[in-house]
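The data block below is target-v5.cif; it holds mmCIF, C-alpha atoms.
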```cif
data_target
#
loop_
_atom_site.label_atom_id
_atom_site.label_comp_id
_atom_site.auth_asym_id
_atom_site.auth_seq_id
_atom_site.Cartn_x
_atom_site.Cartn_y
_atom_site.Cartn_z
CA MET A 85 149.80 106.09 77.38
CA ALA A 86 151.06 109.21 79.19
CA ALA A 87 148.72 108.51 82.11
CA MET A 88 150.00 104.94 82.33
CA LYS A 89 153.66 105.97 82.19
CA ALA A 90 153.12 107.59 85.60
CA LEU A 91 152.53 104.14 87.09
CA PRO A 92 155.42 101.93 88.23
CA GLY A 93 156.24 99.15 85.74
CA GLY A 94 153.61 96.43 85.59
CA GLU A 95 151.09 98.22 87.85
CA TRP A 96 147.46 97.82 86.80
CA ILE A 97 144.87 100.58 86.70
CA ASP A 98 141.09 100.25 86.44
CA PHE A 99 139.59 101.02 83.04
CA VAL A 100 137.06 103.42 84.61
CA ARG A 101 139.70 105.28 86.60
CA LEU A 102 142.01 105.70 83.59
CA ARG A 103 139.05 106.82 81.45
CA ASP A 104 138.23 109.49 84.04
CA ILE A 105 141.88 110.63 84.25
CA VAL A 106 142.03 111.25 80.50
CA SER A 107 138.42 112.63 80.47
CA MET A 108 137.13 110.54 77.59
CA THR A 109 133.82 108.85 76.84
CA ASP A 110 133.48 105.10 77.35
CA GLY A 111 133.27 104.26 73.67
CA ASN A 112 136.08 106.54 72.53
CA PHE A 113 138.40 105.40 75.32
CA GLY A 114 137.53 101.73 74.76
CA ALA A 115 138.39 102.04 71.06
CA HIS A 116 141.80 103.59 71.87
CA VAL A 117 142.55 100.91 74.47
CA ASN A 118 141.67 98.10 72.07
CA THR A 119 143.82 99.60 69.33
CA LEU A 120 146.80 99.92 71.68
CA ALA A 121 146.22 96.40 73.05
CA ASP A 122 146.08 94.97 69.50
CA ALA A 123 149.44 96.66 68.84
CA GLY A 124 150.88 94.95 71.93
CA LEU A 125 151.32 98.20 73.85
CA LEU A 126 148.75 97.48 76.59
CA HIS A 127 147.65 94.44 78.58
CA ILE A 128 143.92 94.16 79.26
CA ASP A 129 142.73 92.00 82.15
CA LYS A 130 138.99 91.33 82.42
CA GLY A 131 137.81 89.82 85.68
CA PHE A 132 135.37 90.16 88.54
CA VAL A 133 135.49 91.72 92.01
CA GLY A 134 132.74 89.80 93.78
CA LYS A 135 129.95 89.86 91.19
CA ARG A 136 131.02 93.13 89.59
CA PRO A 137 132.98 93.00 86.34
CA ARG A 138 136.30 94.83 86.38
CA THR A 139 138.63 95.66 83.51
CA ARG A 140 142.23 96.54 84.34
CA ILE A 141 144.91 97.86 82.05
CA SER A 142 148.69 97.92 82.27
CA LEU A 143 151.45 99.12 79.99
CA THR A 144 153.50 96.32 78.39
CA PRO A 145 157.31 96.58 78.19
CA ALA A 146 156.83 97.26 74.45
CA GLY A 147 154.37 100.03 75.40
CA HIS A 148 156.97 101.65 77.67
CA ILE A 149 159.58 101.55 74.90
CA ALA A 150 157.16 102.81 72.25
CA PHE A 151 156.02 105.74 74.35
CA ASP A 152 159.61 106.69 75.25
CA PHE A 153 160.44 106.52 71.53
CA TYR A 154 157.43 108.71 70.72
CA LEU A 155 158.55 111.34 73.27
CA THR A 156 162.12 111.22 71.98
CA GLU A 157 160.85 111.79 68.43
CA LEU A 158 158.77 114.77 69.55
CA GLN A 159 161.73 116.25 71.45
CA ALA A 160 163.91 115.76 68.37
CA ILE A 161 161.43 117.80 66.36
CA LEU A 162 161.55 120.59 68.96
CA THR A 163 165.35 120.66 69.05
CA GLY A 164 165.54 120.69 65.26
CA PHE A 165 167.03 117.25 64.78
CA GLY A 166 163.79 115.79 63.60
CA ASN A 167 162.13 118.93 62.27
CA GLN A 168 159.26 118.27 59.84
CA LYS A 169 160.27 114.64 59.56
CA SER A 170 157.86 111.84 59.03
CA PHE A 171 156.87 110.17 62.30
CA ILE A 172 156.79 106.45 61.84
CA GLY A 173 157.32 105.12 65.36
CA PRO A 174 159.08 101.89 66.30
CA LYS A 175 158.22 98.61 64.67
CA LEU A 176 156.24 96.62 67.20
CA THR A 177 154.73 93.21 67.28
CA SER A 178 151.96 92.08 69.56
CA SER A 179 153.55 88.70 70.25
CA MET B 165 152.31 111.39 59.32
CA LYS B 166 153.98 114.82 59.30
CA VAL B 167 154.42 116.44 62.71
CA ASP B 168 155.48 120.10 62.80
CA PHE B 169 157.09 122.07 65.63
CA GLU B 170 153.82 123.36 67.16
CA GLN B 171 152.14 119.94 67.05
CA ALA B 172 155.18 118.34 68.67
CA ARG B 173 155.26 120.95 71.42
CA ALA B 174 151.51 120.59 72.05
CA ALA B 175 151.79 116.79 72.15
CA LEU B 176 154.70 116.92 74.62
CA GLU B 177 152.88 119.42 76.85
CA SER B 178 149.74 117.29 76.76
CA ALA B 179 151.72 114.14 77.60
CA ALA B 180 153.51 115.88 80.49
CA ALA B 181 150.23 117.29 81.88
CA THR B 182 148.49 113.90 81.65
CA ARG B 183 151.44 112.14 83.27
CA HIS B 184 151.54 114.68 86.10
CA ARG B 185 147.78 114.37 86.68
CA SER B 186 147.98 110.57 86.65
CA ALA B 187 150.88 110.54 89.14
CA GLN B 188 149.05 113.03 91.39
CA LEU B 189 145.85 110.97 91.37
CA ARG B 190 147.80 107.76 91.99
CA SER B 191 149.41 109.23 95.09
CA TYR B 192 146.00 110.43 96.31
CA ALA B 193 144.53 106.96 95.72
CA LEU B 194 147.39 105.42 97.74
CA ALA B 195 146.84 107.90 100.62
CA SER B 196 143.05 107.44 100.68
CA PRO B 197 142.85 104.14 102.67
CA TYR B 198 144.94 105.62 105.53
CA LEU B 199 142.61 108.60 105.86
CA LEU B 200 139.57 106.30 105.80
CA LEU B 201 141.20 104.05 108.43
CA TRP B 202 142.17 106.90 110.76
CA GLY B 203 138.86 108.66 110.17
CA ALA B 204 137.04 105.55 111.40
CA ILE B 205 139.44 105.30 114.36
CA TRP B 206 138.85 108.96 115.31
CA VAL B 207 135.07 108.43 115.18
CA LEU B 208 135.26 105.36 117.44
CA ALA B 209 138.08 106.39 119.81
CA PHE B 210 136.96 109.99 120.40
CA GLY B 211 133.36 108.74 120.73
CA LEU B 212 134.44 106.31 123.47
CA CYS B 213 136.53 109.06 125.14
CA GLN B 214 133.43 111.27 125.49
CA TRP B 215 131.69 108.35 127.19
CA GLN B 216 134.68 107.32 129.37
CA PRO B 217 136.94 110.46 129.58
CA GLU B 218 138.95 109.11 132.51
CA ARG B 219 140.04 106.16 130.33
CA SER B 220 140.92 108.23 127.26
CA GLY B 221 144.62 107.34 127.52
CA LEU B 222 143.89 103.60 127.52
CA ILE B 223 141.28 103.94 124.76
CA TRP B 224 143.72 105.76 122.49
CA MET B 225 146.54 103.33 123.27
CA VAL B 226 144.36 100.43 122.10
CA PHE B 227 143.08 102.24 119.00
CA ASP B 228 146.59 103.47 118.09
CA VAL B 229 147.87 99.89 118.11
CA ILE B 230 144.90 98.79 115.97
CA GLY B 231 145.45 101.72 113.59
CA VAL B 232 149.17 101.10 113.18
CA ALA B 233 148.59 97.35 112.64
CA LEU B 234 145.84 97.89 110.04
CA GLY B 235 147.93 100.62 108.39
CA LEU B 236 150.77 98.15 108.06
CA VAL B 237 148.40 95.64 106.44
CA ILE B 238 147.40 98.33 103.89
CA VAL B 239 151.08 99.10 103.21
CA LEU B 240 151.97 95.44 102.68
CA ARG B 241 148.98 94.88 100.34
CA ARG B 242 150.03 97.73 98.06
CA PRO B 243 150.97 96.86 94.48
CA GLY B 244 154.70 96.20 94.07
CA ARG B 245 155.54 93.88 96.94
CA ARG B 246 159.29 94.64 97.22
CA LYS B 247 158.65 98.37 97.41
CA SER B 248 155.82 97.74 99.92
CA ASN B 249 158.29 96.13 102.33
CA VAL B 250 160.48 99.24 102.24
CA VAL B 251 157.44 101.48 102.73
CA GLY B 252 156.31 99.18 105.57
CA VAL B 253 159.59 99.73 107.43
CA ARG B 254 159.23 103.48 106.86
CA TYR B 255 155.63 103.37 108.10
CA VAL B 256 156.65 101.66 111.35
CA GLY B 257 159.49 104.18 111.69
CA ILE B 258 157.09 107.11 111.26
CA CYS B 259 154.68 105.69 113.87
CA ALA B 260 157.52 105.05 116.35
CA SER B 261 158.88 108.59 115.79
CA LEU B 262 155.45 110.10 116.41
CA CYS B 263 155.02 108.09 119.64
CA LEU B 264 158.41 109.30 120.88
CA PHE B 265 157.62 112.87 119.82
CA PHE B 266 154.30 112.94 121.70
CA TRP B 267 155.85 111.31 124.78
CA ALA B 268 158.62 113.96 124.81
CA ALA B 269 156.17 116.81 124.12
CA PHE B 270 153.88 115.85 127.01
CA PHE B 271 156.88 115.27 129.28
CA ILE B 272 157.83 118.90 128.66
CA LEU B 273 154.38 120.52 128.42
CA ARG B 274 152.71 118.59 131.30
CA PRO B 275 149.08 118.86 130.09
CA VAL B 276 146.49 119.15 132.86
CA HIS B 277 143.45 117.54 131.23
CA SER B 278 142.87 114.94 128.53
CA GLU B 279 141.26 117.43 126.10
CA GLN B 280 144.61 119.25 125.91
CA ILE B 281 146.37 116.01 124.97
CA ALA B 282 143.75 115.21 122.32
CA ALA B 283 143.89 118.76 120.93
CA PHE B 284 147.69 118.76 120.75
CA ILE B 285 147.83 115.39 118.97
CA SER B 286 145.05 116.42 116.54
CA LEU B 287 146.79 119.71 115.80
CA THR B 288 150.09 117.92 115.17
CA VAL B 289 148.38 115.50 112.77
CA ALA B 290 146.76 118.45 110.96
CA MET B 291 150.14 120.19 110.69
CA ILE B 292 151.77 117.04 109.31
CA TYR B 293 149.12 116.93 106.55
CA LEU B 294 149.44 120.66 105.89
CA VAL B 295 153.24 120.81 105.75
CA GLY B 296 153.59 117.40 104.04
CA GLY B 297 151.05 118.44 101.40
CA LEU B 298 152.88 121.72 100.79
CA VAL B 299 156.27 120.01 100.52
CA LEU B 300 154.97 117.32 98.13
CA GLY B 301 152.70 119.70 96.20
CA LYS B 302 149.54 117.71 97.03
CA TRP B 303 146.93 120.42 97.47
CA ARG B 304 144.10 118.08 98.54
CA ILE B 305 146.27 117.02 101.51
CA VAL B 306 146.96 120.69 102.28
CA VAL B 307 143.22 121.45 102.32
CA THR B 308 142.56 118.42 104.56
CA GLY B 309 145.22 119.57 107.04
CA ALA B 310 143.96 123.17 107.06
CA ILE B 311 140.34 122.11 107.67
CA LEU B 312 141.42 119.67 110.38
CA ALA B 313 143.46 122.34 112.19
CA PHE B 314 140.62 124.85 111.95
CA ILE B 315 137.88 122.53 113.22
CA MET B 316 140.13 121.31 116.05
CA LEU B 317 140.81 124.87 117.26
CA PHE B 318 137.15 125.83 116.78
CA GLY B 319 135.99 122.83 118.83
CA TYR B 320 138.60 123.43 121.54
CA VAL B 321 137.52 127.07 121.96
CA PHE B 322 133.73 126.74 121.60
CA PHE B 323 132.90 123.13 122.52
CA GLN B 324 135.48 122.23 125.16
CA ASN B 325 132.90 120.41 127.30
CA HIS B 326 132.00 118.22 124.34
CA PHE B 327 135.41 118.27 122.69
CA PHE B 328 135.67 114.48 122.29
CA SER B 329 132.23 114.30 120.67
CA TRP B 330 133.18 117.22 118.41
CA MET B 331 136.41 115.51 117.34
CA SER B 332 134.62 112.19 116.88
CA ILE B 333 131.89 113.54 114.61
CA VAL B 334 133.55 116.53 112.90
CA GLY B 335 137.24 115.53 113.08
CA GLY B 336 136.60 111.89 112.15
CA GLY B 337 134.09 113.06 109.54
CA VAL B 338 136.69 115.34 107.92
CA LEU B 339 139.20 112.48 107.71
CA LEU B 340 136.60 110.10 106.24
CA GLY B 341 135.43 112.76 103.79
CA ALA B 342 139.04 113.45 102.78
CA GLY B 343 139.60 109.72 102.27
CA PHE B 344 136.67 109.53 99.82
CA TRP B 345 137.74 112.82 98.18
CA LEU B 346 141.25 111.48 97.52
CA LYS B 347 139.79 108.39 95.83
CA ARG B 348 137.91 110.56 93.35
CA VAL B 349 139.46 111.43 90.01
#
```
File written out as structure tokens:
Amino acid sequence: MAAMKALPGGEWIDFVRLRDIVSMTDGNFGAHVNTLADAGLLHIDKGFVGKRPRTRISLTPAGHIAFDFYLTELQAILTGFGNQKSFIGPKLTSS
Amino acid sequence: MKVDFEQARAALESAAATRHRSAQLRSYALASPYLLLWGAIWVLAFGLCQWQPERSGLIWMVFDVIGVALGLVIVLRRPGRRKSNVVGVRYVGICASLCLFFWAAFFILRPVHSEQIAAFISLTVAMIYLVGGLVLGKWRIVVTGAILAFIMLFGYVFFQNHFFSWMSIVGGGVLLGAGFWLKRV
């Protein structure tokens, strides 16, 4: 999510490139991406370039909001306003 | 899920580092096609200049127009169309400024032979990469500029009779290599 926040809104990034940026294995990264996509935080676009399959990912508007909320919560913990609190995150729907 | 102070700090630092790395790699990926384009142009144009040195001015004029036009195509095909148009205007502005700068520089310096012109332009390009990379904090661009400046000076001192061939193979090769390097994560 942090890697994708560096991209301008709506910009796509290749699955392989993002996996390499976060230095994860295929399976582990794929599981994370699917979880985030199921929660409506990521868009996944599967297509072809010529005959080669290509999977692209982009952050949804809900993903942007959720990640900003997550960072705000963490900062609140550091500044003492949210110290030791339970992190629940925003309520999100995938619709 | 309970998150304590240390975990929150570690998570924020990790998020900031990942975001910085992602932004850095994105800017490299955007710069890569230009280096590949100009690397190919250096290989072809300097190669032709070695073969037809008396027509080097004409050769470079043609290849510069091709390079600027193809560069503009790359700019306009970038993701984010509205922003691409702004960058496109900037790109044309940069190219026009460079043309004026080189015209003014040669008007003042009055170079005697075409190798001097080629060396001066190559050195200026290398300096733009070096200084631009330092200003923007893009160390791969800094390294590219430093290598380009070094090989240009080396070729000018030791291979002046074959300077165009040197710049075609080594100079163009450095730009192409840098283009592929910037694409890598």
Margin query: Distance limit 8 Å, atoms considered: all atoms listed in the file. Which chain B residues sit that close to chain A? Return them as a PyMOL selection string.
Written below: chain B and resi 165-169+172-173+175-176+179-180+182-187+190+243-244+349
Next item on the list: May I ask for the distance between atom CA of Ile223 of chain B and atom CA of Leu273 of chain B, given in Å to one decimal place?
Entry: 21.4 Å
Next item on the list: Could you check how far atom CA of Gly301 of chain B sits from atom CA of Lys347 of chain B, in Å to one decimal?
Entry: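 Here the two named atoms are 17.2 Å from each other.
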Please write as a PDB file with C-alpha atoms, in the frame of the given file the full residue list that the PyMOL selection byres ((chain A and resi 130) around 7) yields on this file.
```pdb
ATOM      1  CA  ILE A 128     143.920  94.160  79.260  1.00  0.00           C
ATOM      2  CA  ASP A 129     142.730  92.000  82.150  1.00  0.00           C
ATOM      3  CA  GLY A 131     137.810  89.820  85.680  1.00  0.00           C
ATOM      4  CA  ARG A 138     136.300  94.830  86.380  1.00  0.00           C
ATOM      5  CA  THR A 139     138.630  95.660  83.510  1.00  0.00           C
ATOM      6  CA  ARG A 140     142.230  96.540  84.340  1.00  0.00           C
TER       7      ARG A 140
END
```
Checklist line | Interatomic distance, atom CA of Asp228 of chain B to atom CA of Phe314 of chain B (Å, one decimal) | finding: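 Here the two named atoms are 23.0 Å from each other.
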Margin query: If the PyMOL selection byres ((chain B and resi 345) around 12) were run on this exact file, what residues would it hold? Put them as a list in words.
Written below: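 This file gives the following for the PyMOL selection byres ((chain B and resi 345) around 12): Leu189, Tyr192, Ala193, Ala195, Ser196, Pro197, Leu199, Leu200, Trp303, Arg304, Ile305, Val307, Thr308, Gly337, Val338, Leu339, Leu340, Gly341, Ala342, Gly343, Phe344, Leu346, Lys347, Arg348 and Val349 of chain B.
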Selected residues written out, C-alpha atoms, as a PDB file, in the frame of the given file:
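So the final result, stored in result-v5.pdb, reads:
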```
ATOM      1  CA  LEU B 189     145.850 110.970  91.370  1.00  0.00           C
ATOM      2  CA  TYR B 192     146.000 110.430  96.310  1.00  0.00           C
ATOM      3  CA  ALA B 193     144.530 106.960  95.720  1.00  0.00           C
ATOM      4  CA  ALA B 195     146.840 107.900 100.620  1.00  0.00           C
ATOM      5  CA  SER B 196     143.050 107.440 100.680  1.00  0.00           C
ATOM      6  CA  PRO B 197     142.850 104.140 102.670  1.00  0.00           C
ATOM      7  CA  LEU B 199     142.610 108.600 105.860  1.00  0.00           C
ATOM      8  CA  LEU B 200     139.570 106.300 105.800  1.00  0.00           C
ATOM      9  CA  TRP B 303     146.930 120.420  97.470  1.00  0.00           C
ATOM     10  CA  ARG B 304     144.100 118.080  98.540  1.00  0.00           C
ATOM     11  CA  ILE B 305     146.270 117.020 101.510  1.00  0.00           C
ATOM     12  CA  VAL B 307     143.220 121.450 102.320  1.00  0.00           C
ATOM     13  CA  THR B 308     142.560 118.420 104.560  1.00  0.00           C
ATOM     14  CA  GLY B 337     134.090 113.060 109.540  1.00  0.00           C
ATOM     15  CA  VAL B 338     136.690 115.340 107.920  1.00  0.00           C
ATOM     16  CA  LEU B 339     139.200 112.480 107.710  1.00  0.00           C
ATOM     17  CA  LEU B 340     136.600 110.100 106.240  1.00  0.00           C
ATOM     18  CA  GLY B 341     135.430 112.760 103.790  1.00  0.00           C
ATOM     19  CA  ALA B 342     139.040 113.450 102.780  1.00  0.00           C
ATOM     20  CA  GLY B 343     139.600 109.720 102.270  1.00  0.00           C
ATOM     21  CA  PHE B 344     136.670 109.530  99.820  1.00  0.00           C
ATOM     22  CA  LEU B 346     141.250 111.480  97.520  1.00  0.00           C
ATOM     23  CA  LYS B 347     139.790 108.390  95.830  1.00  0.00           C
ATOM     24  CA  ARG B 348     137.910 110.560  93.350  1.00  0.00           C
ATOM     25  CA  VAL B 349     139.460 111.430  90.010  1.00  0.00           C
TER      26      VAL B 349
END
```
Check: Hey, what comes out of the PyMOL selection byres ((chain B and resi 263) around 12) on this file? Could you write it as a PyMOL selection string?
Finding: chain B and resi 224-225+228-229+232+256-262+264-270+285+288
Notebook entry, point to check: Counting all atoms listed in the file, what is within 12 Å of Phe227 of chain B, bar same-chain residues fewer than 2 positions away, as a list in words?
Noted result: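 Close residues of Phe227 of chain B: Leu201, Trp202, Gly203, Ala204, Ile205, Trp206, Val207, Leu208, Ala209, Phe210, Gly211, Leu212, Cys213, Ser220, Gly221, Leu222, Ile223, Trp224, Met225, Val229, Ile230, Gly231, Val232, Ala233, Leu234 and Gly235 of chain B.
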